[in-house]
file entry-v8.tsv (TSV, C-alpha atoms)
chain	number	residue	atom	x	y	z
Y	16	MET	CA	116.17	78.75	97.36
Y	17	ALA	CA	112.69	79.70	96.13
Y	18	MET	CA	112.47	80.80	92.53
Y	19	GLU	CA	110.74	84.02	91.56
Y	20	PRO	CA	107.09	83.78	90.53
Y	21	ILE	CA	106.33	84.18	86.83
Y	22	THR	CA	103.37	86.01	85.31
Y	23	ILE	CA	102.78	86.05	81.55
Y	24	PHE	CA	101.57	89.34	80.09
Y	25	SER	CA	100.50	90.10	76.55
Y	26	ARG	CA	98.48	92.48	74.45
Y	27	LYS	CA	96.45	89.60	73.04
Y	28	ALA	CA	93.62	88.37	75.26
Y	29	ASP	CA	92.73	84.92	73.98
Y	30	PRO	CA	92.14	82.32	76.71
Y	31	ALA	CA	90.51	79.94	74.20
Y	32	LEU	CA	93.66	79.95	72.06
Y	33	VAL	CA	95.76	79.21	75.15
Y	34	ALA	CA	93.49	76.31	76.15
Y	35	HIS	CA	93.62	74.89	72.62
Y	36	ARG	CA	97.42	75.10	72.48
Y	37	LEU	CA	97.81	73.58	75.93
Y	38	ARG	CA	95.76	70.61	74.76
Y	39	GLU	CA	98.03	70.28	71.71
Y	40	LEU	CA	101.20	70.51	73.80
Y	41	HIS	CA	100.03	68.31	76.64
Y	42	PRO	CA	96.82	66.34	75.87
Y	43	SER	CA	96.34	65.34	79.51
Y	44	VAL	CA	96.02	68.96	80.66
Y	45	GLU	CA	93.14	69.48	83.09
Y	46	ILE	CA	91.32	72.69	82.23
Y	47	GLU	CA	88.76	73.99	84.74
Y	48	GLY	CA	85.98	75.96	83.12
Y	49	PRO	CA	84.77	76.64	79.60
Y	50	GLU	CA	87.33	76.98	76.80
Y	51	GLY	CA	87.09	80.78	76.55
Y	52	ASN	CA	86.76	81.47	80.26
Y	53	TRP	CA	88.74	78.80	82.09
Y	54	ARG	CA	90.20	79.53	85.51
Y	55	ARG	CA	92.96	76.94	85.92
Y	56	ALA	CA	94.91	74.67	83.61
Y	57	VAL	CA	96.91	71.96	85.38
Y	58	ILE	CA	99.64	69.93	83.68
Y	59	HIS	CA	101.43	67.05	85.40
Y	60	PHE	CA	104.92	65.91	84.48
Y	61	GLY	CA	106.39	62.60	85.65
Y	62	GLU	CA	105.04	60.03	88.06
Y	63	GLY	CA	105.20	59.22	91.76
Y	64	SER	CA	107.75	61.14	93.83
Y	65	ALA	CA	109.20	62.65	90.63
Y	66	ARG	CA	105.82	64.20	89.71
Y	67	LYS	CA	105.88	67.93	88.98
Y	68	THR	CA	102.96	70.22	88.27
Y	69	LEU	CA	102.51	73.44	86.33
Y	70	THR	CA	99.29	75.35	86.92
Y	71	LEU	CA	98.32	78.31	84.74
Y	72	THR	CA	95.74	80.63	86.26
Y	73	HIS	CA	93.39	82.90	84.34
Y	74	ASP	CA	91.20	85.63	85.84
Y	75	PRO	CA	89.26	87.81	83.37
Y	76	ALA	CA	89.01	90.54	86.03
Y	77	SER	CA	92.77	91.08	85.70
Y	78	TYR	CA	92.34	92.46	82.19
Y	79	THR	CA	89.14	94.43	82.60
Y	80	GLU	CA	88.71	97.74	84.35
Y	81	PRO	CA	89.49	98.76	87.01
Y	82	ASP	CA	91.99	95.93	87.57
Y	83	LEU	CA	93.65	96.43	84.17
Y	84	SER	CA	94.60	100.06	84.87
Y	85	ARG	CA	95.68	99.23	88.42
Y	86	GLY	CA	97.89	96.42	87.17
Y	87	ARG	CA	99.53	98.57	84.48
Y	88	THR	CA	100.10	101.43	86.92
Y	89	GLY	CA	101.53	99.11	89.55
Y	90	MET	CA	103.93	97.50	87.10
Y	91	ALA	CA	105.04	100.90	85.74
Y	92	LEU	CA	105.67	102.22	89.27
Y	93	TYR	CA	107.53	99.02	90.14
Y	94	PHE	CA	109.85	99.17	87.12
Y	95	ASN	CA	110.31	102.92	87.48
Y	96	ARG	CA	112.31	102.18	90.66
Y	97	PHE	CA	114.83	100.12	88.67
Y	98	PRO	CA	118.13	101.64	87.50
Y	99	HIS	CA	117.77	103.74	84.37
Y	100	THR	CA	119.02	102.07	81.20
Y	101	GLU	CA	118.45	102.77	77.53
Y	102	ARG	CA	115.52	100.32	77.66
Y	103	LYS	CA	113.51	101.94	80.44
Y	104	GLN	CA	111.31	104.07	78.16
Y	105	LEU	CA	110.61	101.08	75.93
Y	106	VAL	CA	109.57	99.04	78.97
Y	107	MET	CA	107.11	101.75	79.95
Y	108	SER	CA	105.71	101.70	76.39
Y	109	VAL	CA	105.32	97.92	76.51
Y	110	ILE	CA	103.54	98.05	79.88
Y	111	ALA	CA	101.01	100.55	78.50
Y	112	THR	CA	99.96	97.98	75.84
Y	113	LEU	CA	99.59	94.94	78.08
Y	114	GLY	CA	96.06	93.72	78.54
Y	115	PHE	CA	96.09	90.00	79.34
Y	116	THR	CA	97.55	88.09	82.26
Y	117	LEU	CA	98.21	84.46	83.10
Y	118	GLY	CA	99.65	83.41	86.44
Y	119	THR	CA	101.83	80.36	87.01
Y	120	LEU	CA	102.23	78.01	89.93
Y	121	PHE	CA	104.98	75.37	90.05
Y	122	GLU	CA	104.89	72.41	92.42
Y	123	PRO	CA	107.62	71.81	93.40
Y	124	ASP	CA	109.46	74.99	92.49
Y	125	TYR	CA	110.96	75.08	89.02
Y	126	ASP	CA	114.59	74.56	88.09
Y	127	PRO	CA	115.69	77.43	85.81
Y	128	ASN	CA	118.04	75.03	84.00
Y	129	GLY	CA	116.03	72.72	81.78
Y	130	ASP	CA	112.75	72.30	83.66
Y	131	PRO	CA	110.25	71.06	81.03
Y	132	ARG	CA	107.48	73.11	82.62
Y	133	LEU	CA	109.30	76.30	81.63
Y	134	SER	CA	109.07	75.28	77.97
Y	135	ILE	CA	105.26	75.44	78.31
Y	136	VAL	CA	105.50	78.93	79.84
Y	137	TYR	CA	107.84	80.08	77.06
Y	138	HIS	CA	105.61	78.56	74.40
Y	139	ILE	CA	102.47	80.28	75.71
Y	140	ALA	CA	104.28	83.63	76.03
Y	141	ALA	CA	105.46	83.30	72.41
Y	142	LEU	CA	101.97	82.27	71.23
Y	143	LEU	CA	100.57	85.45	72.74
Y	144	ASN	CA	103.47	87.67	71.55
Y	145	GLY	CA	103.98	88.33	75.23
Y	146	VAL	CA	106.53	88.83	77.95
Y	147	PHE	CA	106.79	87.51	81.42
Y	148	PHE	CA	107.34	89.29	84.63
Y	149	SER	CA	109.20	88.12	87.68
Y	150	PRO	CA	109.99	90.50	90.54
Y	151	SER	CA	113.54	91.11	89.31
Y	152	TYR	CA	113.08	91.26	85.55
Y	153	LEU	CA	110.87	91.63	82.54
Y	154	ARG	CA	111.76	88.77	80.18
Y	155	ASP	CA	110.99	87.88	76.60
Y	156	ALA	CA	109.10	84.75	75.56
Y	157	ARG	CA	112.34	82.74	75.71
Y	158	GLY	CA	113.21	83.88	79.22
Y	159	ARG	CA	115.90	86.36	78.20
Y	160	ILE	CA	116.10	89.57	80.23
Y	161	LEU	CA	114.56	92.57	78.49
Y	162	PHE	CA	114.83	94.89	81.48
Y	163	GLY	CA	115.98	94.74	85.07
Y	164	GLY	CA	119.13	94.36	87.07
Y	165	GLY	CA	120.97	97.07	85.18
Y	166	GLN	CA	122.30	97.19	81.66
Y	167	GLU	CA	124.85	94.42	82.28
Y	168	MET	CA	121.98	91.97	82.96
Y	169	GLU	CA	119.87	92.92	79.95
Y	170	ASP	CA	120.26	90.51	77.05
Y	171	PRO	CA	120.96	92.23	73.74
Y	172	ASN	CA	119.34	89.25	71.97
Y	173	ALA	CA	116.09	89.48	73.94
Y	174	GLU	CA	113.13	90.13	71.64
Y	175	TRP	CA	110.55	92.79	72.35
Y	176	PRO	CA	106.91	91.99	71.55
Y	177	GLN	CA	106.02	92.67	67.93
Y	178	GLY	CA	103.75	95.55	67.06
Y	179	LEU	CA	104.74	98.04	69.74
Y	180	GLY	CA	102.86	101.29	69.36
Y	181	GLU	CA	99.71	99.64	67.97
Y	182	ALA	CA	96.45	99.67	69.89
Y	183	SER	CA	96.24	96.95	72.51
Y	184	SER	CA	93.72	94.13	72.27
Y	185	THR	CA	92.03	93.55	75.60
Y	186	GLY	CA	88.95	91.92	76.92
Y	187	PRO	CA	87.67	88.36	76.98

call {"tool": "encode", "arguments": {"input": "entry-v8.tsv", "output": "structure tokens"}}
result
Amino acid sequence: MAMEPITIFSRKADPALVAHRLRELHPSVEIEGPEGNWRRAVIHFGEGSARKTLTLTHDPASYTEPDLSRGRTGMALYFNRFPHTERKQLVMSVIATLGFTLGTLFEPDYDPNGDPRLSIVYHIAALLNGVFFSPSYLRDARGRILFGGGQEMEDPNAEWPQGLGEASSTGP
């Protein structure tokens, strides 16, 4: 069964910080492009037939206008179709502050139970005080469900990004 795609979102747009931290976490990371404007960061895990790859993708157009507004509107419309819970208004507030996006590609698909590549995704989301989106849920930086699937699926221990209600920080 294919796992859901994961996209990291945050208020903090800092691709250079992400590149620096990826190099700290995994010195053999292959980063394509200059530190502050890279396009792909590829990390390999294991060798031979056991080799797994995590690719992070970065596109500055995704957090500049008009793509930024389109992305926020699309995500708000998407989550607005979900069942109403006490958290729905907070989710809409969070979406309005998001201004940075990183995509992920896993080869082969990730295992939600202990895949070391997920620890990199969680670490980067935490570094950016971000969340990550998959088609069924909005999750915190540790992968816990903030919103989606109804109240019974939402984790009461999930942590919302710090600083909600402050001006967002966008741009390269």

call {"tool": "residues_around", "arguments": {"input": "entry-v8.tsv", "residues": "Ile135 of chain Y", "least_positions_apart": "3", "cutoff": "10 Å", "atoms": "all atoms listed in the file", "output": "list in words"}}
result
Arg36, Leu37, Leu40, His41, Ile58, Leu69, Leu71, Asp130, Pro131, Arg132, His138, Ile139, Ala140 and Ala141 of chain Y

call {"tool": "residues_around", "arguments": {"input": "entry-v8.tsv", "residues": "Phe94 of chain Y", "least_positions_apart": "4", "cutoff": "9 Å", "atoms": "all atoms listed in the file", "output": "MDAnalysis selection string"}}
result
chainID Y and resid 89:90 98 103 106:107 152:153 162:163

call {"tool": "atom_distance", "arguments": {"input": "entry-v8.tsv", "atom1": "atom CA of Asp74 of chain Y", "atom2": "atom CA of Ala17 of chain Y"}}
result
24.6 Å

call {"tool": "residues_near_point", "arguments": {"input": "entry-v8.tsv", "point": "(106.7, 89.1, 62.6)", "cutoff": "12 Å", "atoms": "all atoms listed in the file", "output": "list of chain:residue names"}}
result
Y:Ala141, Y:Leu142, Y:Asn144, Y:Glu174, Y:Trp175, Y:Pro176, Y:Gln177, Y:Gly178, Y:Leu179

call {"tool": "atom_distance", "arguments": {"input": "entry-v8.tsv", "atom1": "atom CA of Gln166 of chain Y", "atom2": "atom CA of Lys27 of chain Y"}}
result
28.3 Å

call {"tool": "atom_distance", "arguments": {"input": "entry-v8.tsv", "atom1": "atom CA of Glu50 of chain Y", "atom2": "atom CA of Leu143 of chain Y"}}
result
16.2 Å

call {"tool": "closest_residue", "arguments": {"input": "entry-v8.tsv", "among": "Y:Glu19, Y:Asp82, Y:Glu169, Y:Glu45", "to": "Phe115 of chain Y", "atoms": "all atoms listed in the file"}}
result
Y:Asp82

call {"tool": "residues_around", "arguments": {"input": "entry-v8.tsv", "residues": "Gly48 of chain Y", "least_positions_apart": "6", "cutoff": "12 Å", "atoms": "all atoms listed in the file", "output": "list of chain:residue names"}}
result
Y:Pro30, Y:Ala31, Y:Ala34, Y:Arg54, Y:Arg55, Y:Ala56, Y:Val57, Y:Thr72, Y:His73, Y:Asp74

call {"tool": "write_last_selection", "arguments": {"input": "entry-v8.tsv", "atoms": "C-alpha atoms", "output": "PDB file, in the coordinates of the input"}}
result
ATOM      1  CA  PRO Y  30      92.140  82.320  76.710  1.00  0.00           C
ATOM      2  CA  ALA Y  31      90.510  79.940  74.200  1.00  0.00           C
ATOM      3  CA  ALA Y  34      93.490  76.310  76.150  1.00  0.00           C
ATOM      4  CA  ARG Y  54      90.200  79.530  85.510  1.00  0.00           C
ATOM      5  CA  ARG Y  55      92.960  76.940  85.920  1.00  0.00           C
ATOM      6  CA  ALA Y  56      94.910  74.670  83.610  1.00  0.00           C
ATOM      7  CA  VAL Y  57      96.910  71.960  85.380  1.00  0.00           C
ATOM      8  CA  THR Y  72      95.740  80.630  86.260  1.00  0.00           C
ATOM      9  CA  HIS Y  73      93.390  82.900  84.340  1.00  0.00           C
ATOM     10  CA  ASP Y  74      91.200  85.630  85.840  1.00  0.00           C
TER      11      ASP Y  74
END

call {"tool": "residues_around", "arguments": {"input": "entry-v8.tsv", "residues": "Ser149 of chain Y", "least_positions_apart": "2", "cutoff": "12 Å", "atoms": "only C-alpha atoms", "output": "MDAnalysis selection string"}}
result
chainID Y and resid 18:24 90 93:94 118:119 146:147 151:155 158:164

call {"tool": "residues_around", "arguments": {"input": "entry-v8.tsv", "residues": "Thr88 of chain Y", "least_positions_apart": "4", "cutoff": "9 Å", "atoms": "only C-alpha atoms", "output": "PyMOL selection string"}}
result
chain Y and resi 83-84+92-93+110-111

call {"tool": "closest_residue", "arguments": {"input": "entry-v8.tsv", "among": "Y:Leu105, Y:Leu120, Y:Glu167, Y:Val136", "to": "Val33 of chain Y", "atoms": "all atoms listed in the file"}}
result
Y:Val136

call {"tool": "decode", "arguments": {"input": "entry-v8.tsv", "residues": "segment 107-121 of chain Y", "atoms": "N, CA and C atoms", "output": "mmCIF file, in the first residue's frame"}}
result
data_model
loop_
_atom_site.group_PDB
_atom_site.id
_atom_site.type_symbol
_atom_site.label_atom_id
_atom_site.label_comp_id
_atom_site.auth_asym_id
_atom_site.auth_seq_id
_atom_site.Cartn_x
_atom_site.Cartn_y
_atom_site.Cartn_z
ATOM 1 N N MET Y 107 -7.312 26.679 10.389
ATOM 2 C CA MET Y 107 -7.428 27.758 9.412
ATOM 3 C C MET Y 107 -6.493 28.917 9.771
ATOM 4 N N SER Y 108 -6.329 29.195 11.068
ATOM 5 C CA SER Y 108 -5.403 30.239 11.505
ATOM 6 C C SER Y 108 -3.963 29.869 11.188
ATOM 7 N N VAL Y 109 -3.611 28.607 11.394
ATOM 8 C CA VAL Y 109 -2.257 28.138 11.098
ATOM 9 C C VAL Y 109 -1.982 28.268 9.604
ATOM 10 N N ILE Y 110 -2.916 27.822 8.782
ATOM 11 C CA ILE Y 110 -2.733 27.865 7.328
ATOM 12 C C ILE Y 110 -2.453 29.291 6.861
ATOM 13 N N ALA Y 111 -3.147 30.263 7.445
ATOM 14 C CA ALA Y 111 -2.971 31.660 7.041
ATOM 15 C C ALA Y 111 -1.568 32.180 7.324
ATOM 16 N N THR Y 112 -0.803 31.512 8.206
ATOM 17 C CA THR Y 112 0.547 31.976 8.544
ATOM 18 C C THR Y 112 1.636 31.242 7.777
ATOM 19 N N LEU Y 113 1.298 30.165 7.103
ATOM 20 C CA LEU Y 113 2.320 29.355 6.441
ATOM 21 C C LEU Y 113 2.901 30.084 5.238
ATOM 22 N N GLY Y 114 4.221 30.008 5.091
ATOM 23 C CA GLY Y 114 4.841 30.716 3.999
ATOM 24 C C GLY Y 114 6.059 30.025 3.412
ATOM 25 N N PHE Y 115 6.306 28.784 3.781
ATOM 26 C CA PHE Y 115 7.477 28.063 3.283
ATOM 27 C C PHE Y 115 7.086 26.607 3.105
ATOM 28 N N THR Y 116 7.585 26.004 2.053
ATOM 29 C CA THR Y 116 7.209 24.639 1.709
ATOM 30 C C THR Y 116 8.425 23.834 1.311
ATOM 31 N N LEU Y 117 8.471 22.590 1.794
ATOM 32 C CA LEU Y 117 9.460 21.615 1.334
ATOM 33 C C LEU Y 117 8.718 20.332 0.996
ATOM 34 N N GLY Y 118 8.954 19.817 -0.185
ATOM 35 C CA GLY Y 118 8.365 18.540 -0.573
ATOM 36 C C GLY Y 118 9.276 17.394 -0.173
ATOM 37 N N THR Y 119 8.719 16.195 -0.132
ATOM 38 C CA THR Y 119 9.508 15.001 0.167
ATOM 39 C C THR Y 119 9.207 13.916 -0.852
ATOM 40 N N LEU Y 120 10.240 13.162 -1.172
ATOM 41 C CA LEU Y 120 10.106 11.986 -2.034
ATOM 42 C C LEU Y 120 10.854 10.854 -1.347
ATOM 43 N N PHE Y 121 10.213 9.706 -1.227
ATOM 44 C CA PHE Y 121 10.810 8.537 -0.591
ATOM 45 C C PHE Y 121 10.933 7.426 -1.622
#
